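What follows is the content of protein00.cif (mmCIF, C-alpha atoms and all ligand atoms).
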```cif
data_model
#
loop_
_atom_site.label_atom_id
_atom_site.label_comp_id
_atom_site.auth_asym_id
_atom_site.auth_seq_id
_atom_site.Cartn_x
_atom_site.Cartn_y
_atom_site.Cartn_z
CA MET A 190 116.60 48.06 134.56
CA ASN A 191 113.10 47.12 135.56
CA ILE A 192 112.52 43.44 134.75
CA HIS A 193 108.86 42.46 134.99
CA PRO A 194 108.45 39.86 137.78
CA GLU A 195 106.96 37.33 135.35
CA VAL A 196 110.02 37.68 133.12
CA SER A 197 112.58 37.48 135.92
CA ALA A 198 110.85 34.44 137.42
CA ALA A 199 110.97 32.66 134.05
CA LEU A 200 114.62 33.58 133.49
CA GLU A 201 115.64 32.38 136.93
CA ALA A 202 113.84 29.07 136.40
CA GLY A 203 115.30 28.64 132.89
CA ARG A 204 111.86 28.78 131.31
CA PRO A 205 111.50 30.15 127.77
CA VAL A 206 111.37 33.92 127.26
CA VAL A 207 111.26 35.86 123.99
CA ALA A 208 112.08 39.56 123.73
CA LEU A 209 109.94 41.77 121.47
CA GLU A 210 110.87 45.21 120.18
CA SER A 211 108.72 48.32 120.57
CA THR A 212 109.72 50.51 117.61
CA ILE A 213 107.69 48.21 115.39
CA ILE A 214 104.72 49.15 117.61
CA SER A 215 105.32 52.91 117.90
CA HIS A 216 106.84 53.70 114.50
CA GLY A 217 106.32 50.60 112.35
CA LEU A 218 102.55 50.07 112.57
CA PRO A 219 99.68 52.59 112.37
CA ARG A 220 97.69 53.61 115.45
CA PRO A 221 95.42 52.28 116.91
CA ARG A 222 95.91 48.92 115.17
CA ASN A 223 99.39 48.81 116.66
CA LEU A 224 98.09 48.39 120.22
CA GLN A 225 96.00 45.36 119.30
CA ALA A 226 98.97 43.98 117.37
CA ALA A 227 101.27 44.41 120.38
CA LYS A 228 98.80 42.47 122.54
CA ASP A 229 98.36 39.80 119.86
CA PHE A 230 102.14 39.36 119.62
CA GLU A 231 102.39 38.65 123.33
CA ALA A 232 99.40 36.30 123.20
CA ILE A 233 101.10 34.13 120.55
CA LEU A 234 103.97 33.47 122.94
CA ARG A 235 101.73 32.85 125.92
CA GLU A 236 99.84 30.21 123.95
CA GLN A 237 103.16 28.46 123.39
CA GLY A 238 103.92 28.61 127.11
CA VAL A 239 106.59 31.25 126.49
CA VAL A 240 106.88 34.48 128.49
CA PRO A 241 106.88 37.62 126.30
CA ALA A 242 109.23 40.46 127.20
CA THR A 243 108.33 43.54 125.19
CA ILE A 244 111.09 46.09 125.76
CA ALA A 245 110.88 49.90 125.91
CA VAL A 246 112.06 52.87 127.94
CA VAL A 247 109.28 54.37 130.10
CA ASP A 248 109.97 57.68 131.87
CA GLY A 249 113.69 57.03 131.73
CA GLU A 250 113.48 53.47 132.97
CA PRO A 251 114.41 50.53 130.72
CA ARG A 252 111.56 48.03 131.05
CA ILE A 253 111.98 44.37 130.22
CA GLY A 254 108.38 43.19 129.94
CA LEU A 255 105.60 45.77 129.84
CA ASP A 256 102.38 45.91 131.81
CA GLU A 257 99.20 46.98 130.03
CA ALA A 258 99.62 50.68 130.85
CA ALA A 259 103.17 50.75 129.49
CA LEU A 260 102.16 48.87 126.34
CA GLU A 261 99.39 51.45 125.76
CA ARG A 262 101.81 54.27 126.32
CA VAL A 263 104.24 52.95 123.73
CA ALA A 264 101.49 52.29 121.21
CA LEU A 265 99.38 55.43 121.59
CA ASP A 266 101.52 58.25 122.98
CA GLU A 267 102.92 60.22 120.05
CA SER A 268 105.68 61.73 122.18
CA VAL A 269 107.36 58.33 122.48
CA VAL A 270 110.57 58.59 120.45
CA LYS A 271 112.52 55.98 118.53
CA VAL A 272 115.51 54.93 120.65
CA SER A 273 118.55 53.11 119.34
CA VAL A 274 121.50 52.12 121.53
CA ARG A 275 123.24 55.50 121.36
CA ASP A 276 120.04 57.23 122.45
CA LEU A 277 119.63 55.10 125.60
CA PRO A 278 121.89 57.17 127.89
CA VAL A 279 120.11 60.40 127.00
CA ALA A 280 116.64 58.87 127.23
CA LEU A 281 117.50 57.55 130.70
CA ALA A 282 119.14 60.76 131.93
CA THR A 283 116.28 62.96 130.73
CA ARG A 284 113.57 60.56 131.99
CA SER A 285 112.18 60.29 128.46
CA SER A 286 110.03 57.54 127.04
CA GLY A 287 111.21 55.69 123.99
CA ALA A 288 110.44 52.71 121.82
CA THR A 289 113.51 50.56 121.30
CA THR A 290 114.85 49.58 117.87
CA VAL A 291 116.16 46.11 117.14
CA ALA A 292 119.63 47.27 118.26
CA ALA A 293 118.44 48.78 121.55
CA THR A 294 116.02 45.92 122.25
CA ALA A 295 118.74 43.31 121.67
CA PHE A 296 121.13 45.29 123.87
CA LEU A 297 118.70 45.50 126.81
CA ALA A 298 117.39 41.95 126.35
CA ALA A 299 120.90 40.49 126.47
CA LYS A 300 121.67 42.50 129.62
CA ALA A 301 118.59 40.92 131.20
CA GLY A 302 119.79 37.45 130.17
CA ILE A 303 117.27 36.86 127.37
CA ARG A 304 118.62 34.75 124.50
CA VAL A 305 115.88 34.93 121.85
CA PHE A 306 114.31 37.96 120.21
CA SER A 307 111.66 38.10 117.51
CA THR A 308 111.12 41.11 115.30
CA GLY A 309 109.48 41.82 111.94
CA GLY A 310 112.31 43.15 109.86
CA LEU A 311 115.82 44.02 110.87
CA GLY A 312 117.31 47.39 109.91
CA GLY A 313 120.12 47.33 107.36
CA VAL A 314 122.02 49.20 104.69
CA HIS A 315 119.86 51.81 103.00
CA ARG A 316 119.82 52.28 99.27
CA GLY A 317 122.36 54.94 98.34
CA ALA A 318 124.35 54.27 101.52
CA SER A 319 127.63 54.58 99.65
CA ALA A 320 126.85 58.30 99.49
CA THR A 321 124.77 58.81 102.67
CA PHE A 322 126.49 56.29 105.00
CA ASP A 323 122.98 55.33 106.14
CA GLU A 324 123.43 51.90 107.66
CA SER A 325 121.27 50.90 110.62
CA ALA A 326 123.01 50.53 113.97
CA ASP A 327 121.14 47.20 114.11
CA LEU A 328 123.95 45.60 112.08
CA PRO A 329 127.07 46.55 114.09
CA MET A 330 125.19 46.00 117.36
CA LEU A 331 124.32 42.43 116.39
CA ALA A 332 128.03 41.77 116.07
CA GLN A 333 128.38 42.52 119.79
CA ILE A 334 125.27 41.03 121.37
CA PRO A 335 124.82 37.32 122.16
CA ILE A 336 121.19 36.97 121.13
CA THR A 337 119.26 35.07 118.48
CA VAL A 338 117.14 37.35 116.32
CA VAL A 339 114.29 36.00 114.21
CA SER A 340 113.50 38.28 111.27
CA ALA A 341 111.89 37.94 107.84
CA GLY A 342 115.16 39.13 106.36
CA VAL A 343 115.17 42.85 105.70
CA LYS A 344 112.72 45.01 103.83
CA SER A 345 113.15 45.78 100.17
CA ILE A 346 113.28 49.47 101.16
CA LEU A 347 116.94 48.61 101.92
CA ASP A 348 119.89 47.51 99.80
CA ILE A 349 119.62 43.77 100.51
CA PRO A 350 122.87 42.53 98.93
CA ALA A 351 124.82 45.29 100.73
CA THR A 352 123.10 44.37 104.02
CA LEU A 353 124.16 40.74 103.61
CA GLU A 354 127.72 41.84 102.78
CA ARG A 355 127.85 43.93 105.95
CA LEU A 356 126.53 41.03 108.04
CA GLU A 357 129.34 38.95 106.61
CA THR A 358 131.97 41.59 107.38
CA LEU A 359 130.61 41.91 110.92
CA SER A 360 130.77 38.12 111.32
CA VAL A 361 127.13 37.84 112.30
CA THR A 362 125.98 34.23 111.85
CA VAL A 363 123.03 34.04 109.44
CA VAL A 364 120.91 30.94 108.89
CA GLY A 365 117.74 30.46 106.88
CA PHE A 366 114.91 28.74 108.71
CA GLY A 367 114.14 25.78 106.46
CA THR A 368 115.51 27.58 103.39
CA THR A 369 118.62 29.14 101.86
CA LYS A 370 116.53 31.86 100.21
CA PHE A 371 116.90 35.15 102.03
CA PRO A 372 113.46 36.79 102.35
CA SER A 373 112.77 40.47 101.72
CA PHE A 374 110.12 40.83 104.40
CA TRP A 375 106.87 41.20 102.36
CA LEU A 376 108.25 38.84 99.71
CA THR A 377 109.31 35.26 100.41
CA ASP A 378 112.47 35.42 98.31
CA SER A 379 114.74 38.44 97.82
CA GLY A 380 116.75 36.59 95.18
CA GLU A 381 119.74 36.43 97.56
CA THR A 382 120.99 33.02 98.69
CA LEU A 383 122.30 32.13 102.14
CA ASP A 384 125.12 29.66 102.78
CA TRP A 385 123.31 27.91 105.60
CA SER A 386 119.88 26.61 106.34
CA VAL A 387 118.64 24.96 109.55
CA PRO A 388 115.62 22.65 109.58
CA ASP A 389 114.01 23.55 112.89
CA ALA A 390 114.21 25.28 116.28
CA THR A 391 116.29 22.52 117.85
CA ALA A 392 118.94 23.06 115.18
CA VAL A 393 118.96 26.79 115.91
CA ALA A 394 119.52 26.03 119.61
CA GLU A 395 122.50 23.86 118.61
CA VAL A 396 123.98 26.73 116.60
CA MET A 397 123.50 29.02 119.62
CA ALA A 398 125.26 26.51 121.87
CA SER A 399 128.17 26.24 119.41
CA ASN A 400 128.43 30.02 119.18
CA ASP A 401 128.65 30.15 122.99
CA ALA A 402 131.16 27.30 123.12
CA LEU A 403 133.38 29.26 120.75
CA GLY A 404 133.27 32.17 123.17
CA ARG A 405 131.63 34.41 120.62
CA GLU A 406 129.44 37.19 121.97
CA SER A 407 127.53 37.88 118.79
CA ALA A 408 124.09 37.34 117.39
CA VAL A 409 122.64 34.50 115.38
CA LEU A 410 120.28 35.90 112.76
CA VAL A 411 117.49 33.52 111.77
CA ALA A 412 115.94 34.48 108.44
CA ASN A 413 112.36 33.27 108.49
CA PRO A 414 110.37 33.81 105.28
CA LEU A 415 106.62 34.01 105.09
CA PRO A 416 105.14 31.08 103.11
CA HIS A 417 104.88 31.97 99.42
CA GLU A 418 101.07 31.96 99.38
CA LYS A 419 101.01 34.62 102.10
CA GLN A 420 103.44 37.08 100.54
CA LEU A 421 102.42 40.51 99.23
CA ASP A 422 101.54 40.65 95.51
CA PRO A 423 104.95 41.40 93.93
CA VAL A 424 103.44 43.84 91.41
CA VAL A 425 101.72 45.84 94.18
CA HIS A 426 104.94 45.65 96.20
CA ASP A 427 107.22 46.93 93.43
CA GLU A 428 105.02 49.90 92.57
CA ALA A 429 104.54 51.01 96.19
CA LEU A 430 108.25 50.69 96.83
CA ARG A 431 109.16 52.71 93.74
CA GLN A 432 106.84 55.53 94.72
CA ALA A 433 107.81 55.62 98.42
CA LEU A 434 111.52 55.68 97.60
CA ALA A 435 110.99 58.53 95.12
CA GLU A 436 109.17 60.52 97.82
CA VAL A 437 112.00 60.10 100.32
CA GLU A 438 114.35 61.56 97.72
CA ARG A 439 111.99 64.36 96.73
CA ASN A 440 111.08 65.35 100.30
CA GLY A 441 114.66 65.22 101.58
CA ILE A 442 113.89 62.72 104.34
CA THR A 443 117.03 61.54 106.10
CA GLY A 444 118.40 59.81 109.21
CA LYS A 445 116.17 57.91 111.58
CA ASP A 446 113.04 59.24 109.87
CA VAL A 447 113.71 57.28 106.67
CA SER A 448 112.50 53.84 107.84
CA PRO A 449 109.28 55.04 109.55
CA TYR A 450 108.42 57.22 106.54
CA LEU A 451 108.86 54.40 104.04
CA LEU A 452 106.96 51.92 106.19
CA GLY A 453 104.03 54.31 106.67
CA ARG A 454 103.83 55.25 103.00
CA ILE A 455 103.98 51.66 101.80
CA VAL A 456 100.95 50.81 103.97
CA GLU A 457 99.08 53.74 102.37
CA LEU A 458 100.23 52.98 98.83
CA THR A 459 99.16 49.33 99.08
CA SER A 460 95.77 50.33 100.59
CA GLY A 461 96.64 48.47 103.74
CA SER A 462 97.41 45.10 102.15
CA SER A 463 101.09 45.41 103.15
CA LEU A 464 99.92 45.94 106.73
CA GLU A 465 98.13 42.60 106.85
CA VAL A 466 101.23 40.89 105.45
CA ASN A 467 103.38 42.80 107.95
CA LEU A 468 101.28 41.46 110.85
CA ASP A 469 101.47 37.91 109.47
CA ILE A 470 105.24 38.22 109.25
CA ALA A 471 105.63 39.42 112.82
CA ALA A 472 103.35 36.64 114.06
CA ASN A 473 105.29 34.05 112.07
CA ASN A 474 108.61 35.27 113.51
CA ILE A 475 107.23 35.38 117.03
CA ARG A 476 106.01 31.78 116.74
CA VAL A 477 109.42 30.62 115.53
CA GLY A 478 111.13 32.66 118.26
CA GLY A 479 108.90 30.88 120.78
CA GLU A 480 109.91 27.49 119.40
CA ILE A 481 113.59 28.43 119.59
CA ALA A 482 113.25 29.67 123.17
CA ILE A 483 111.54 26.38 124.09
CA ALA A 484 114.32 24.37 122.41
CA TRP A 485 116.96 26.51 124.12
CA SER A 486 115.43 26.13 127.56
CA ALA A 487 115.14 22.34 127.06
CA ARG A 488 118.91 22.20 126.35
CA ASP A 489 119.71 24.45 129.24
CA ARG A 490 118.32 22.07 131.81
N1 LIG B 1 112.46 47.64 109.57
C1 LIG B 1 111.20 47.20 109.49
N2 LIG B 1 110.31 47.53 110.47
C2 LIG B 1 110.67 48.31 111.53
C3 LIG B 1 112.02 48.73 111.59
C4 LIG B 1 112.87 48.38 110.61
O1 LIG B 1 110.88 46.49 108.55
O2 LIG B 1 109.84 48.61 112.39
C5 LIG B 1 112.48 49.48 112.80
C6 LIG B 1 113.19 48.51 113.73
O3 LIG B 1 112.96 48.92 115.06
C7 LIG B 1 114.64 48.70 113.37
C8 LIG B 1 114.68 50.18 113.06
O4 LIG B 1 115.52 48.37 114.42
O5 LIG B 1 113.45 50.44 112.39
C9 LIG B 1 115.84 50.54 112.20
O6 LIG B 1 115.85 51.92 112.00
P1 LIG B 1 117.14 52.63 111.38
O7 LIG B 1 117.16 52.21 109.95
O8 LIG B 1 116.88 54.07 111.59
O9 LIG B 1 118.31 52.13 112.17
MN MN B 2 119.67 55.19 109.50
#
```

Show me the file's structure as structure tokens.
Amino acid sequence: MNIHPEVSAALEAGRPVVALESTIISHGLPRPRNLQAAKDFEAILREQGVVPATIAVVDGEPRIGLDEAALERVALDESVVKVSVRDLPVALATRSSGATTVAATAFLAAKAGIRVFSTGGLGGVHRGASATFDESADLPMLAQIPITVVSAGVKSILDIPATLERLETLSVTVVGFGTTKFPSFWLTDSGETLDWSVPDATAVAEVMASNDALGRESAVLVANPLPHEKQLDPVVHDEALRQALAEVERNGITGKDVSPYLLGRIVELTSGSSLEVNLDIAANNIRVGGEIAIAWSARDR
């Protein structure tokens, strides 16, 4: 693994570091806006005094923290593939370049000793999964990786109740950040209720410490909704979702192409308004991730 010197220095000194995924950049946001977004994401953390560690595989090398050239590569090079954990060995062996999913980012971040990771939306159980078995590897991987993931719940492209059931089965700790309402990414409230809510970043750090003390090597998922006034118009949301899901069915899209297809189409079908909300969500999660990393590093010392 190639850990950027800025990241390794911070980790060694116990200073706050937040991991960021790269699939959201390569496959979750449209070019060229995605490059600016990737830079903006890192800048949010730097303003907090937190070191960003965007993670990707570049020419077969897992990189923890990207320099400008690598960030550009991930954002703009169309040959960069989507890499989950099972793809890592092949990507490394064939010297390929790949953008890491939540699962693969969490896996590499934890290996580097990073404890906090902010993303937009976690993968989950797809609609119709009882027939297709399409459940993101994000879920089972979180059961095995000691990292705190900040996410605005999961997108309504997924089966949200089933995703929460699977998180329960997998014994992944889930807490709402200042709420018990589980968000559905673009919308503040999915209608699903969580058992636990924590008031602030310090409380999240206490949950992390307790998880460690119990000897558990599993993730803490922090569900962080966008404020209600910033959510996507629910009417616009519902119509775009209905149409995008129908197209997946009609066009026979399956496997790892499902999420990128739906995300891309929903941006188009909402004339870009979902994109602005998407960027707000990522920024909001990154800010909270930064606060958690700061609280964690304060405890550590
Ligand atoms: N959900 C989103 N935005 C994303 C993704 C999921 O709202 O960008 C990406 C993440 O990288 C996630 C991956 O880890 O898609 C899940 O893909 P799959 O469902 O193929 O496991
Ligand atoms: Mn899948």

Query raised in the report: Do you know which residues are at most 8 Å from segment 408-419 of chain A counting only C-alpha atoms, after dropping those on the same chain fewer than 3 positions away, and could you put them as a VMD selection string?
Result: chain A and resid 331 to 342 361 to 367 371 to 378 396 to 397 466 469 to 470 473 to 474

Report task. Please identify the residues whose atoms come within 6 Å of ligand LIG 1 (chain B), using all atoms listed in the file, and report them as an NGL selection string. Result -> :A and (212-213 or 217 or 290-292 or 309-312 or 325-327 or 344 or 445 or 448)

Expected answer as a PDB file with C-alpha atoms, keeping the file's coordinate frame: residues within 12 Å of ligand MN 2 (chain B), all atoms listed in the file:
```pdb
ATOM      1  CA  LYS A 271     112.520  55.980 118.530  1.00  0.00           C
ATOM      2  CA  VAL A 272     115.510  54.930 120.650  1.00  0.00           C
ATOM      3  CA  SER A 273     118.550  53.110 119.340  1.00  0.00           C
ATOM      4  CA  THR A 290     114.850  49.580 117.870  1.00  0.00           C
ATOM      5  CA  ALA A 292     119.630  47.270 118.260  1.00  0.00           C
ATOM      6  CA  LEU A 311     115.820  44.020 110.870  1.00  0.00           C
ATOM      7  CA  GLY A 312     117.310  47.390 109.910  1.00  0.00           C
ATOM      8  CA  GLY A 313     120.120  47.330 107.360  1.00  0.00           C
ATOM      9  CA  VAL A 314     122.020  49.200 104.690  1.00  0.00           C
ATOM     10  CA  HIS A 315     119.860  51.810 103.000  1.00  0.00           C
ATOM     11  CA  ARG A 316     119.820  52.280  99.270  1.00  0.00           C
ATOM     12  CA  GLY A 317     122.360  54.940  98.340  1.00  0.00           C
ATOM     13  CA  ALA A 318     124.350  54.270 101.520  1.00  0.00           C
ATOM     14  CA  THR A 321     124.770  58.810 102.670  1.00  0.00           C
ATOM     15  CA  PHE A 322     126.490  56.290 105.000  1.00  0.00           C
ATOM     16  CA  ASP A 323     122.980  55.330 106.140  1.00  0.00           C
ATOM     17  CA  GLU A 324     123.430  51.900 107.660  1.00  0.00           C
ATOM     18  CA  SER A 325     121.270  50.900 110.620  1.00  0.00           C
ATOM     19  CA  ALA A 326     123.010  50.530 113.970  1.00  0.00           C
ATOM     20  CA  ASP A 327     121.140  47.200 114.110  1.00  0.00           C
ATOM     21  CA  LEU A 328     123.950  45.600 112.080  1.00  0.00           C
ATOM     22  CA  ILE A 346     113.280  49.470 101.160  1.00  0.00           C
ATOM     23  CA  LEU A 347     116.940  48.610 101.920  1.00  0.00           C
ATOM     24  CA  ILE A 442     113.890  62.720 104.340  1.00  0.00           C
ATOM     25  CA  THR A 443     117.030  61.540 106.100  1.00  0.00           C
ATOM     26  CA  GLY A 444     118.400  59.810 109.210  1.00  0.00           C
ATOM     27  CA  LYS A 445     116.170  57.910 111.580  1.00  0.00           C
ATOM     28  CA  ASP A 446     113.040  59.240 109.870  1.00  0.00           C
ATOM     29  CA  VAL A 447     113.710  57.280 106.670  1.00  0.00           C
ATOM     30  CA  SER A 448     112.500  53.840 107.840  1.00  0.00           C
ATOM     31  CA  PRO A 449     109.280  55.040 109.550  1.00  0.00           C
ATOM     32  CA  TYR A 450     108.420  57.220 106.540  1.00  0.00           C
TER      33      TYR A 450
END
```

Report task. Counting all atoms listed in the file, write as a ChimeraX atom specification all protein and nucleic acid residues lying at most 12 Å from (128.6, 38.5, 105.6) in the file's frame. Result -> /A:328-329,332,349-364,382-385,410

Query raised in the report: If you measure from atom CA of Ser268 of chain A to atom CA of Ser286 of chain A, what distance in Å do you get, rounded to one decimal?
Result: 7.8 Å

Query - Which residue of A:Arg235, A:Arg476, A:His216, A:His193 approaches Glu257 of chain A most closely, using only C-alpha atoms - result: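 Once distances to Glu257 of chain A are computed over only C-alpha atoms, the minimum belongs to A:His193.
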
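What separates atom CA of Val477 of chain A from atom CA of Ser215 of chain A is a distance of 22.8 Å.
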
Take every atom of segment 420-438 of chain A listed in the file, pad by 3 Å on each side, and give me the axis-aligned box centre and edge lengths in Å, one decimal, as lines of an AutoDock Vina configuration file.
```
center_x = 107.9
center_y = 49.3
center_z = 96.0
size_x = 18.8
size_y = 30.5
size_z = 15.1
```

Query raised in the report: So, counting all atoms listed in the file, which residue among A:Asp256, A:Pro205, A:Arg454, A:Gly302 is closest to Gly238 of chain A?
Result: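 So, comparing all the options, the nearest one is A:Pro205.
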
Report task. Rank A:Ser345, A:Gly453, A:Gly203, A:Thr369 by their smallest atom-to-atom distance to Leu430 of chain A, using all atoms listed in the file, and report the top residue only. Result ->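 Checking each of A:Ser345, A:Gly453, A:Gly203, A:Thr369 against Leu430 of chain A, counting all atoms listed in the file, the winner is A:Ser345.
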
Report task. List the neighbours of Thr283 of chain A out to 10 Å using only C-alpha atoms; skip same-chain residues closer than 5 positions along the sequence, and give me the result as an MDAnalysis selection string. Result -> chainID A and resid 248:249 277:278

Report task. Between atom CA of Gln225 of chain A and atom CA of Glu261 of chain A, measure the distance and give it in Å to one decimal. Result ->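 Between atom CA of Gln225 of chain A and atom CA of Glu261 of chain A the gap works out to 9.5 Å.
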
Report task. Identify which of the residues A:Ala299, A:Ala484, A:Val269, A:Ala433 lies closest to Ser407 of chain A, counting all atoms listed in the file when measuring atom-to-atom distances. Result ->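 Closest candidate: A:Ala299.
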
Query raised in the report: Which residue gives the smallest distance to Ala293 of chain A among A:Ala232, A:Ala259, A:Ala280, A:Ala198, with all atoms listed in the file counted?
Result: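 When distances to Ala293 of chain A are compared using all atoms listed in the file, the smallest one comes from A:Ala280.
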
Query - Nearby residues (only C-alpha atoms) at most 10 Å from Ser486 of chain A, same-chain spacing under 3 positions excluded, as a ChimeraX atom specification - result: /A:200,202-206,304,394,480-483,489-490

Report task. Go through A:Ala264, A:Gln420, A:Gly287, A:Ser386 one by one, measure the shortest atom-to-atom distance of each to Pro219 of chain A using all atoms listed in the file, and give the residue with the smallest value. Result ->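 Once distances to Pro219 of chain A are computed over all atoms listed in the file, the minimum belongs to A:Ala264.
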